[in-house]
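Shown below: upload.txt, with compact mmCIF, C-alpha atoms and all ligand atoms.
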```txt
# COMPACT_ATOMS: atom_id res chain seq x y z
CA MET A 1 -232.43 11.16 20.67
CA ASP A 2 -231.43 10.03 24.19
CA ILE A 3 -231.36 12.64 26.94
CA MET A 4 -228.07 14.41 26.68
CA ILE A 5 -226.36 17.16 28.59
CA TYR A 6 -225.85 19.79 25.89
CA LEU A 7 -222.68 21.79 26.58
CA ASP A 8 -222.09 23.35 23.16
CA ALA A 9 -224.09 26.56 23.55
CA ALA A 10 -221.25 28.65 22.12
CA ALA A 11 -221.96 26.91 18.80
CA THR A 12 -225.71 27.37 19.05
CA ALA A 13 -228.47 27.25 21.64
CA PRO A 14 -232.00 25.83 21.46
CA ALA A 15 -234.74 28.31 20.59
CA ARG A 16 -236.63 29.52 23.66
CA ARG A 17 -240.36 28.91 23.92
CA GLU A 18 -241.08 32.53 24.97
CA VAL A 19 -239.18 33.75 21.91
CA LEU A 20 -241.03 31.46 19.51
CA GLU A 21 -244.38 32.37 21.06
CA GLU A 22 -243.72 36.04 20.53
CA MET A 23 -242.60 35.38 16.94
CA TRP A 24 -245.59 33.21 16.01
CA PRO A 25 -248.13 35.99 15.24
CA LEU A 26 -245.52 37.74 13.09
CA LEU A 27 -245.30 34.64 10.93
CA THR A 28 -249.00 33.85 10.74
CA THR A 29 -251.20 36.93 11.17
CA THR A 30 -249.02 40.05 11.13
CA PHE A 31 -246.85 38.52 8.41
CA GLY A 32 -246.84 41.44 5.98
CA ASN A 33 -243.86 42.99 4.28
CA PRO A 34 -243.10 46.17 6.23
CA SER A 35 -242.54 48.04 2.96
CA SER A 36 -246.05 47.27 1.72
CA HIS A 37 -248.56 50.13 1.71
CA HIS A 38 -251.54 48.27 3.10
CA ALA A 39 -252.82 47.18 6.49
CA TYR A 40 -250.67 44.02 6.61
CA GLY A 41 -247.53 45.94 5.73
CA GLU A 42 -248.26 48.72 8.16
CA ALA A 43 -248.98 46.31 11.00
CA ALA A 44 -245.70 44.50 10.36
CA ALA A 45 -243.80 47.81 10.14
CA ALA A 46 -245.24 48.86 13.50
CA GLU A 47 -244.14 45.58 15.13
CA PHE A 48 -240.72 45.90 13.53
CA SER A 49 -240.17 49.38 14.89
CA ARG A 50 -241.39 48.30 18.33
CA ALA A 51 -238.80 45.51 18.34
CA ARG A 52 -236.10 47.96 17.25
CA ALA A 53 -237.04 50.38 20.02
CA ARG A 54 -236.96 47.59 22.63
CA ILE A 55 -233.46 46.55 21.59
CA ALA A 56 -232.28 50.16 21.42
CA ALA A 57 -233.45 50.68 25.01
CA LEU A 58 -231.54 47.56 26.05
CA LEU A 59 -228.30 48.63 24.36
CA GLY A 60 -228.71 52.27 25.40
CA CYS A 61 -228.68 53.62 21.85
CA ARG A 62 -231.04 55.22 19.34
CA ALA A 63 -233.33 52.97 17.32
CA SER A 64 -231.85 54.41 14.13
CA GLU A 65 -228.40 53.13 15.16
CA LEU A 66 -229.45 49.47 14.77
CA VAL A 67 -229.18 47.46 11.56
CA PHE A 68 -230.79 44.01 11.52
CA THR A 69 -228.77 41.33 9.75
CA SER A 70 -228.98 37.58 9.21
CA GLY A 71 -226.59 36.87 12.10
CA GLY A 72 -223.20 37.59 13.59
CA THR A 73 -221.22 36.82 10.44
CA GLU A 74 -223.18 39.33 8.40
CA ALA A 75 -223.02 41.94 11.16
CA ASN A 76 -219.22 41.62 11.22
CA ASN A 77 -219.03 41.79 7.42
CA LEU A 78 -221.17 44.92 7.35
CA ALA A 79 -219.24 46.61 10.15
CA LEU A 80 -215.79 45.90 8.78
CA LYS A 81 -216.26 46.13 5.02
CA GLY A 82 -218.81 48.89 5.44
CA MET A 83 -216.72 51.13 7.66
CA ALA A 84 -213.41 50.37 5.91
CA LEU A 85 -214.71 51.10 2.42
CA ALA A 86 -216.70 54.18 3.42
CA ALA A 87 -213.81 55.94 5.16
CA PRO A 88 -210.61 54.12 4.24
CA ARG A 89 -208.20 56.79 5.61
CA GLY A 90 -204.78 55.13 5.25
CA ARG A 91 -206.14 51.62 4.65
CA HIS A 92 -204.84 50.24 7.93
CA ILE A 93 -206.86 47.99 10.26
CA VAL A 94 -205.87 46.75 13.72
CA THR A 95 -207.23 43.51 15.14
CA SER A 96 -206.29 40.71 17.55
CA ALA A 97 -204.85 37.26 16.88
CA ILE A 98 -207.84 35.45 18.41
CA GLU A 99 -210.76 36.84 16.41
CA HIS A 100 -213.47 34.61 14.97
CA PRO A 101 -213.10 33.72 11.26
CA ALA A 102 -216.11 36.01 10.64
CA VAL A 103 -213.68 38.85 11.39
CA LEU A 104 -210.34 37.46 10.24
CA GLU A 105 -211.60 36.32 6.83
CA VAL A 106 -213.26 39.69 6.24
CA LEU A 107 -209.99 41.44 7.00
CA ASP A 108 -208.15 39.08 4.68
CA HIS A 109 -210.63 39.99 1.96
CA LEU A 110 -210.00 43.70 2.60
CA ARG A 111 -206.25 43.04 2.42
CA ARG A 112 -206.36 41.01 -0.80
CA LEU A 113 -208.95 42.94 -2.76
CA HIS A 114 -208.73 46.45 -1.37
CA GLY A 115 -205.10 46.80 -0.33
CA PHE A 116 -205.63 47.24 3.40
CA ARG A 117 -202.69 46.64 5.73
CA ILE A 118 -203.70 44.52 8.72
CA THR A 119 -201.91 44.72 12.08
CA THR A 120 -202.68 41.67 14.21
CA LEU A 121 -202.05 42.28 17.90
CA PRO A 122 -200.66 39.34 19.86
CA VAL A 123 -202.46 38.21 23.01
CA SER A 124 -201.15 37.15 26.41
CA GLY A 125 -200.99 33.46 27.37
CA THR A 126 -204.54 33.81 28.67
CA GLY A 127 -205.86 35.61 25.60
CA LEU A 128 -205.84 39.24 26.69
CA VAL A 129 -205.05 42.15 24.35
CA SER A 130 -202.86 44.84 25.88
CA PRO A 131 -204.25 48.39 25.64
CA ASP A 132 -200.66 49.66 25.41
CA ALA A 133 -199.93 47.38 22.46
CA LEU A 134 -203.11 48.66 20.82
CA ALA A 135 -202.12 52.28 21.43
CA SER A 136 -198.76 51.78 19.77
CA ALA A 137 -200.29 49.97 16.79
CA LEU A 138 -202.51 52.94 15.89
CA ASP A 139 -201.19 55.55 13.49
CA ASP A 140 -202.51 58.32 11.27
CA ALA A 141 -203.35 55.75 8.61
CA THR A 142 -205.53 53.58 10.87
CA THR A 143 -209.04 53.19 9.47
CA LEU A 144 -210.55 51.13 12.28
CA CYS A 145 -209.87 48.62 15.02
CA THR A 146 -211.80 45.44 15.81
CA VAL A 147 -211.33 43.34 18.94
CA MET A 148 -213.88 40.77 20.15
CA TYR A 149 -215.64 41.22 23.50
CA ALA A 150 -215.42 37.55 24.54
CA ASN A 151 -213.60 34.72 22.81
CA ASN A 152 -215.62 31.77 21.53
CA GLU A 153 -212.95 29.11 22.10
CA VAL A 154 -211.44 29.95 25.49
CA GLY A 155 -213.96 32.44 26.88
CA THR A 156 -211.49 35.22 27.67
CA VAL A 157 -213.25 38.57 28.12
CA GLN A 158 -211.44 41.69 26.92
CA ASP A 159 -211.45 45.07 28.60
CA VAL A 160 -213.55 46.49 25.76
CA GLU A 161 -214.11 49.76 27.58
CA GLY A 162 -210.36 50.27 27.94
CA LEU A 163 -209.55 49.26 24.35
CA ALA A 164 -212.36 51.40 22.92
CA GLY A 165 -211.06 54.31 25.01
CA VAL A 166 -207.60 53.99 23.47
CA CYS A 167 -209.17 54.15 20.01
CA ARG A 168 -211.49 57.02 20.86
CA ARG A 169 -208.57 59.14 22.06
CA ALA A 170 -206.78 58.43 18.78
CA GLY A 171 -209.91 59.19 16.72
CA VAL A 172 -210.13 55.61 15.42
CA PRO A 173 -213.52 53.83 15.15
CA PHE A 174 -213.72 50.69 17.31
CA HIS A 175 -215.84 47.62 16.51
CA THR A 176 -216.41 44.68 18.82
CA ASP A 177 -217.82 41.26 18.02
CA ALA A 178 -220.07 40.69 21.04
CA VAL A 179 -221.66 37.46 19.78
CA GLN A 180 -220.38 35.39 22.71
CA ALA A 181 -220.66 38.17 25.28
CA ALA A 182 -224.44 38.56 24.97
CA GLY A 183 -226.30 36.84 27.76
CA TRP A 184 -223.35 37.20 30.12
CA LEU A 185 -221.95 40.72 29.98
CA PRO A 186 -223.35 44.27 29.87
CA LEU A 187 -224.13 45.49 26.35
CA ASP A 188 -224.60 49.20 27.05
CA VAL A 189 -222.87 50.63 23.98
CA GLY A 190 -222.44 54.10 25.47
CA ARG A 191 -220.69 52.72 28.52
CA LEU A 192 -218.55 50.40 26.41
CA GLY A 193 -217.65 53.36 24.20
CA VAL A 194 -217.74 51.34 20.99
CA THR A 195 -218.47 52.65 17.51
CA ALA A 196 -220.00 49.37 16.35
CA LEU A 197 -221.04 46.09 17.96
CA SER A 198 -222.20 42.77 16.45
CA LEU A 199 -224.74 40.36 17.94
CA SER A 200 -226.27 37.05 16.87
CA GLY A 201 -229.67 35.68 17.89
CA HIS A 202 -229.16 31.94 17.72
CA LYS A 203 -226.72 31.93 20.63
CA LEU A 204 -229.50 33.48 22.73
CA GLY A 205 -232.53 31.40 21.88
CA THR A 206 -233.88 32.75 18.58
CA PRO A 207 -234.04 30.58 15.49
CA LYS A 208 -230.96 30.95 13.26
CA GLY A 209 -231.10 33.81 10.78
CA ILE A 210 -231.26 37.02 12.82
CA GLY A 211 -228.50 39.26 14.10
CA LEU A 212 -227.75 42.89 14.62
CA LEU A 213 -225.18 45.58 14.11
CA TYR A 214 -225.12 48.61 16.35
CA LEU A 215 -223.56 51.43 14.36
CA ARG A 216 -223.06 54.77 16.11
CA ALA A 217 -224.94 57.66 14.46
CA GLY A 218 -222.85 59.49 11.90
CA THR A 219 -220.46 56.57 11.24
CA PRO A 220 -219.94 56.27 7.49
CA CYS A 221 -220.74 52.72 6.36
CA GLU A 222 -221.06 51.31 2.83
CA PRO A 223 -223.77 48.66 2.49
CA VAL A 224 -222.68 45.12 1.71
CA LEU A 225 -226.10 44.02 0.44
CA HIS A 226 -227.61 46.27 -2.23
CA GLY A 227 -231.23 46.23 -3.30
CA GLY A 228 -234.44 47.75 -2.05
CA GLY A 229 -232.77 50.12 0.39
CA GLN A 230 -234.23 48.73 3.61
CA GLU A 231 -232.63 49.59 6.96
CA ARG A 232 -232.03 53.20 5.77
CA GLY A 233 -230.08 51.88 2.83
CA ARG A 234 -227.59 50.07 5.05
CA ARG A 235 -228.91 46.53 4.52
CA SER A 236 -231.25 45.70 1.69
CA GLY A 237 -233.59 42.73 1.77
CA THR A 238 -237.10 42.17 3.10
CA GLU A 239 -236.92 42.60 6.83
CA ASN A 240 -237.05 39.55 9.12
CA VAL A 241 -239.74 41.06 11.32
CA ALA A 242 -240.40 37.88 13.30
CA GLY A 243 -236.65 37.46 13.81
CA ALA A 244 -236.30 41.03 15.08
CA VAL A 245 -239.19 40.53 17.50
CA GLY A 246 -237.63 37.24 18.63
CA LEU A 247 -234.27 38.91 19.10
CA ALA A 248 -235.84 41.66 21.21
CA ARG A 249 -237.42 39.02 23.46
CA ALA A 250 -234.29 36.87 23.58
CA LEU A 251 -232.16 39.86 24.57
CA ASP A 252 -234.68 40.84 27.26
CA LEU A 253 -234.58 37.32 28.65
CA ALA A 254 -230.79 37.08 28.45
CA GLN A 255 -229.79 40.53 29.69
CA GLY A 256 -232.60 41.06 32.20
CA PRO A 257 -231.33 38.67 34.92
CA LEU A 258 -227.76 40.05 34.75
CA PRO A 259 -225.51 40.45 36.60
CA ALA A 260 -226.95 38.10 39.29
CA ALA A 261 -227.37 35.20 36.83
CA ALA A 262 -223.80 35.59 35.62
CA VAL A 263 -222.46 35.52 39.17
CA MET A 264 -224.43 32.35 39.91
CA GLU A 265 -223.29 30.63 36.74
CA ALA A 266 -219.67 31.65 37.37
CA THR A 267 -219.84 29.80 40.70
CA ALA A 268 -221.09 26.66 38.94
CA ARG A 269 -218.41 27.13 36.28
CA ASP A 270 -215.64 27.38 38.87
CA ALA A 271 -216.85 24.20 40.58
CA PHE A 272 -216.88 22.45 37.17
CA ILE A 273 -213.35 23.67 36.43
CA SER A 274 -212.09 22.51 39.86
CA SER A 275 -213.65 19.06 39.42
CA VAL A 276 -212.09 18.62 35.98
CA LEU A 277 -208.66 19.93 36.98
CA GLY A 278 -208.77 17.86 40.17
CA GLY A 279 -209.91 14.68 38.44
CA VAL A 280 -207.86 14.64 35.24
CA PRO A 281 -204.10 14.47 35.83
CA GLY A 282 -202.29 17.03 33.68
CA ALA A 283 -205.45 18.89 32.60
CA VAL A 284 -204.89 22.56 31.79
CA LEU A 285 -207.54 25.27 31.72
CA THR A 286 -207.21 27.53 28.66
CA GLY A 287 -208.07 31.23 28.68
CA ASP A 288 -208.01 33.68 31.54
CA ALA A 289 -208.79 32.44 35.05
CA GLU A 290 -210.48 35.71 36.06
CA GLN A 291 -211.60 37.52 32.92
CA ARG A 292 -213.74 34.76 31.44
CA LEU A 293 -217.30 34.02 30.38
CA PRO A 294 -219.43 32.46 33.14
CA GLY A 295 -220.74 29.89 30.65
CA LEU A 296 -217.57 28.53 29.05
CA ALA A 297 -214.66 26.38 30.15
CA SER A 298 -212.11 24.81 27.85
CA PHE A 299 -209.26 22.49 28.66
CA CYS A 300 -206.30 20.73 27.14
CA PHE A 301 -205.84 17.11 28.19
CA PRO A 302 -202.22 16.33 27.32
CA GLY A 303 -201.70 12.94 25.74
CA VAL A 304 -205.22 12.50 24.36
CA ASN A 305 -206.84 13.66 21.18
CA GLY A 306 -209.65 16.16 21.75
CA GLU A 307 -211.87 14.48 19.14
CA ALA A 308 -211.48 11.12 20.91
CA VAL A 309 -212.57 12.67 24.22
CA LEU A 310 -215.49 14.32 22.44
CA LEU A 311 -216.72 10.95 21.10
CA GLU A 312 -216.26 9.24 24.43
CA LEU A 313 -218.20 12.03 26.15
CA GLU A 314 -221.02 11.75 23.62
CA ARG A 315 -221.22 8.02 24.35
CA ARG A 316 -221.69 9.01 27.98
CA GLY A 317 -224.39 11.56 27.17
CA VAL A 318 -222.40 14.82 27.20
CA ILE A 319 -222.25 17.00 24.08
CA CYS A 320 -219.38 19.45 23.75
CA SER A 321 -216.91 20.67 21.14
CA SER A 322 -213.28 20.00 20.39
CA GLY A 323 -212.69 23.57 19.25
CA SER A 324 -214.67 26.24 17.49
CA ALA A 325 -217.64 24.73 15.63
CA CYS A 326 -216.98 27.05 12.72
CA ALA A 327 -213.64 25.31 12.22
CA ALA A 328 -215.18 21.86 12.62
CA GLY A 329 -214.15 19.39 9.95
CA SER A 330 -210.78 21.05 9.77
CA THR A 331 -207.87 19.11 11.21
CA GLU A 332 -205.80 22.26 11.55
CA PRO A 333 -204.89 23.09 15.13
CA SER A 334 -206.89 25.99 16.51
CA ALA A 335 -205.32 29.33 15.57
CA VAL A 336 -206.65 30.77 18.83
CA LEU A 337 -204.84 28.20 20.97
CA LEU A 338 -201.62 28.66 18.98
CA ALA A 339 -201.91 32.42 19.50
CA LEU A 340 -202.11 31.74 23.24
CA GLY A 341 -198.71 30.07 22.91
CA LEU A 342 -199.76 26.40 23.00
CA ASP A 343 -197.86 23.99 20.76
CA GLU A 344 -199.73 22.13 18.03
CA GLU A 345 -199.82 18.83 19.89
CA THR A 346 -201.30 20.36 23.04
CA ALA A 347 -203.78 22.40 20.95
CA SER A 348 -205.04 19.15 19.38
CA THR A 349 -206.13 17.95 22.83
CA ALA A 350 -208.53 20.85 23.46
CA VAL A 351 -212.14 20.33 24.49
CA ARG A 352 -214.64 23.17 25.02
CA PHE A 353 -217.73 23.13 27.23
CA SER A 354 -220.24 25.97 26.97
CA TRP A 355 -223.74 26.48 28.32
CA THR A 356 -226.54 28.99 28.67
CA GLN A 357 -227.86 30.87 31.68
CA GLY A 358 -229.90 28.70 34.00
CA THR A 359 -228.08 25.44 33.21
CA PRO A 360 -228.53 23.37 36.37
CA SER A 361 -225.32 23.00 38.38
CA GLY A 362 -226.21 19.28 38.60
CA ASP A 363 -225.67 19.01 34.81
CA LEU A 364 -222.21 20.48 35.17
CA GLU A 365 -221.40 18.17 38.07
CA ALA A 366 -222.50 15.14 36.03
CA ALA A 367 -220.54 16.42 33.05
CA ALA A 368 -217.37 16.83 35.14
CA ARG A 369 -217.64 13.20 36.27
CA ALA A 370 -218.10 12.13 32.63
CA VAL A 371 -215.04 14.16 31.59
CA VAL A 372 -212.85 12.50 34.20
CA ALA A 373 -214.07 9.04 33.15
CA SER A 374 -213.78 9.80 29.42
CA VAL A 375 -210.21 11.06 29.53
CA ARG A 376 -209.27 8.05 31.64
CA ALA A 377 -210.93 5.73 29.10
CA VAL A 378 -209.21 7.36 26.13
CA ARG A 379 -205.86 7.31 27.90
CA SER A 380 -206.16 3.62 28.76
CA LEU A 381 -207.09 2.88 25.15
CA GLY A 382 -203.89 4.66 24.08
CA ALA A 383 -201.86 2.67 26.62
CA ALA A 384 -203.34 -0.56 25.17
CA HIS A 385 -201.95 0.42 21.75
CA PRO A 386 -198.28 1.05 22.37
CA ASP A 387 -197.72 2.07 18.72
CA ALA A 388 -200.13 4.97 19.01
CA THR A 389 -198.63 8.39 19.36
CA PRO A 390 -200.19 10.48 22.13
CA ALA A 391 -202.16 12.56 19.65
CA GLU A 392 -203.62 9.42 18.06
CA ALA A 393 -204.54 7.78 21.32
N1 LIG B 401 -218.45 35.78 16.16
C1 LIG B 401 -218.27 34.90 17.14
C2 LIG B 401 -217.37 35.26 18.28
C3 LIG B 401 -218.90 33.65 17.12
O1 LIG B 401 -218.70 32.78 18.10
C4 LIG B 401 -219.75 33.35 16.01
C5 LIG B 401 -220.40 32.03 15.89
O2 LIG B 401 -219.95 31.05 16.43
C6 LIG B 401 -219.92 34.32 15.01
C7 LIG B 401 -219.26 35.51 15.12
C8 LIG B 401 -220.80 34.06 13.84
O3 LIG B 401 -222.16 34.25 14.17
P1 LIG B 401 -223.32 33.63 13.27
O4 LIG B 401 -223.28 32.15 13.48
O5 LIG B 401 -224.57 34.25 13.80
O6 LIG B 401 -223.06 34.02 11.87
```

Could you write out this structure as structure tokens?
Ligand code: PLP
Amino acid sequence: MDIMIYLDAAATAPARREVLEEMWPLLTTTFGNPSSHHAYGEAAAAEFSRARARIAALLGCRASELVFTSGGTEANNLALKGMALAAPRGRHIVTSAIEHPAVLEVLDHLRRLHGFRITTLPVSGTGLVSPDALASALDDATTLCTVMYANNEVGTVQDVEGLAGVCRRAGVPFHTDAVQAAGWLPLDVGRLGVTALSLSGHKLGTPKGIGLLYLRAGTPCEPVLHGGGQERGRRSGTENVAGAVGLARALDLAQGPLPAAAVMEATARDAFISSVLGGVPGAVLTGDAEQRLPGLASFCFPGVNGEAVLLELERRGVICSSGSACAAGSTEPSAVLLALGLDEETASTAVRFSWTQGTPSGDLEAAARAVVASVRAVRSLGAAHPDATPAEA
């Protein structure tokens, strides 16, 4: 593959060498099943609990409050189905209109099969949930609330502390999907005041297949996976010891340099945004100008199809996404962009750029030049075909 500038880290990131090196012995020498009663099992169990303790220290929680999962999707499934079914109260769940499908589809399942009522809070034009709107949506029947920490399509960061506080005062458990926040924002669960928090490794430099749910001690939670009773009965299945060790290292590497690394990357991001907005007539930044991830910028380029820009950018060596990767293949306009108030035609012009900590600012500068040239190229192609509608151009 030619050298490319990879700006699709919100979909997935490359595995980090340090992470793989720390995982290697767990796959080759200390490879035992932690449930086995022999030296190999015991050695693996010891490594597993060391990894758990490292992550607990990083999140500011007890080791017993962590449940390892296969990724962010499973962590969200466990949090939402698990908490809802264990303590259904009045079968009412509150969420936001811009959640990832790994939340929205779970809630739809709870609605269809278990009779839960779902209240979906609207968001502002920049993707923010209002704490007042949340407060008025809660009632005596509310089982739980889930609002994501940072949005995967537009990068808007919620005031999780404020939203969790509203729920705490009302006695309602609060879950946050922090998959996109990790590596950029603080993850101290005590400070955030959350009841549950989901993470995924492959956005941070582990191989795919490891994630985590923080679940505050004493929170009733039904398992989703039944079997051998691993993870204190909360998640059965032979433990991914190497994955857990890799996740501990990846979180150390990602959270350690914060907040300085986030500040530096936000400066590079703002320069990238200015270059794109300055160079592409009519370009619009989506999401919140202030409350946004340092490693994500997404735009609408009126009059051009996002997919066409994506292909043109790839031809020029820049990899990005025309929306959320999880919705890739679907021609539906992004539900997140519609929830922000964009019309369908504008939403179809969206392009997202996302990167990891330490991405050289030179890559972003080169990418901005490629964006300007690509949109110009796609627009002139449209102008050469007068029959084409703007969205087809
Ligand atoms: N939640 C958010 C906000 C995401 O961006 C993603 C993945 O893109 C997920 C959940 C799903 O995580 P995983 O791919 O680890 O299942």

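Comparing A:His226, A:Arg315, A:Lys208, A:Arg352 by their smallest distance to Ser70 of chain A, the closest is A:Lys208 (using only C-alpha atoms).
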
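Using all atoms listed in the file, the nearest neighbour of ligand LIG 401 (chain B) within the list A:Ala335, A:Ala63, A:Ala308, A:Ala11 is A:Ala11.
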
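Remark: for Asp132 of chain A, the closest of the candidate residues A:Gly190, A:Phe116, A:Glu231, A:Val166 is A:Val166 (distances computed over only C-alpha atoms).
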
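Among the candidates A:Glu222, A:Glu312, A:Glu345, A:Glu239, the residue lying nearest to Ser35 of chain A is A:Glu239 (atoms considered: only C-alpha atoms).
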
* **Nearby residues, ligand LIG 401 (chain B), 7 Å, only C-alpha atoms and all ligand atoms, as a PyMOL selection string** => chain A and resi 10-11+71-74+100+102+148+150-152+177-180+200-202+211+325-326

* Within 9 Å of Ala182 of chain A using all atoms listed in the file, minus same-chain residues under 3 positions, as an NGL selection string -> :A and (178-179 or 185-187 or 199-200 or 203-204 or 251 or 254-255)

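You will find atom CA of Ala137 of chain A at 21.6 Å from atom CA of Ala86 of chain A.
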
Can you list every residue of segment 121-235 of chain A that has an atom at most 12 Å from segment 263-281 of chain A, with its nearest atom pair and the distance in Å to one decimal, using only C-alpha atoms, ordered by chain then number, as a Markdown table?
```
| residue | atom | partner | partner_atom | distance |
| --- | --- | --- | --- | --- |
| A:Gly155 | CA | A:Arg269 | CA | 11.7 |
| A:Gly183 | CA | A:Glu265 | CA | 11.3 |
| A:Trp184 | CA | A:Val263 | CA | 9.2 |
| A:Leu185 | CA | A:Val263 | CA | 10.6 |
```

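Nearest residue to Ala368 of chain A among A:Leu340, A:Ala217, A:Ala297, A:Leu311 is A:Ala297, counting only C-alpha atoms.
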
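Across the structure, atom CA of Ser198 of chain A and atom CA of Gly227 of chain A are spaced 22.0 Å apart.
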
* To do: Using only C-alpha atoms, determine which residues lie at most 9 Å from Arg62 of chain A, disregarding the query and same-chain residues fewer than 3 positions distant; provide the list as a PyMOL selection string.
  => chain A and resi 53+56-57+59+65-66+216-217
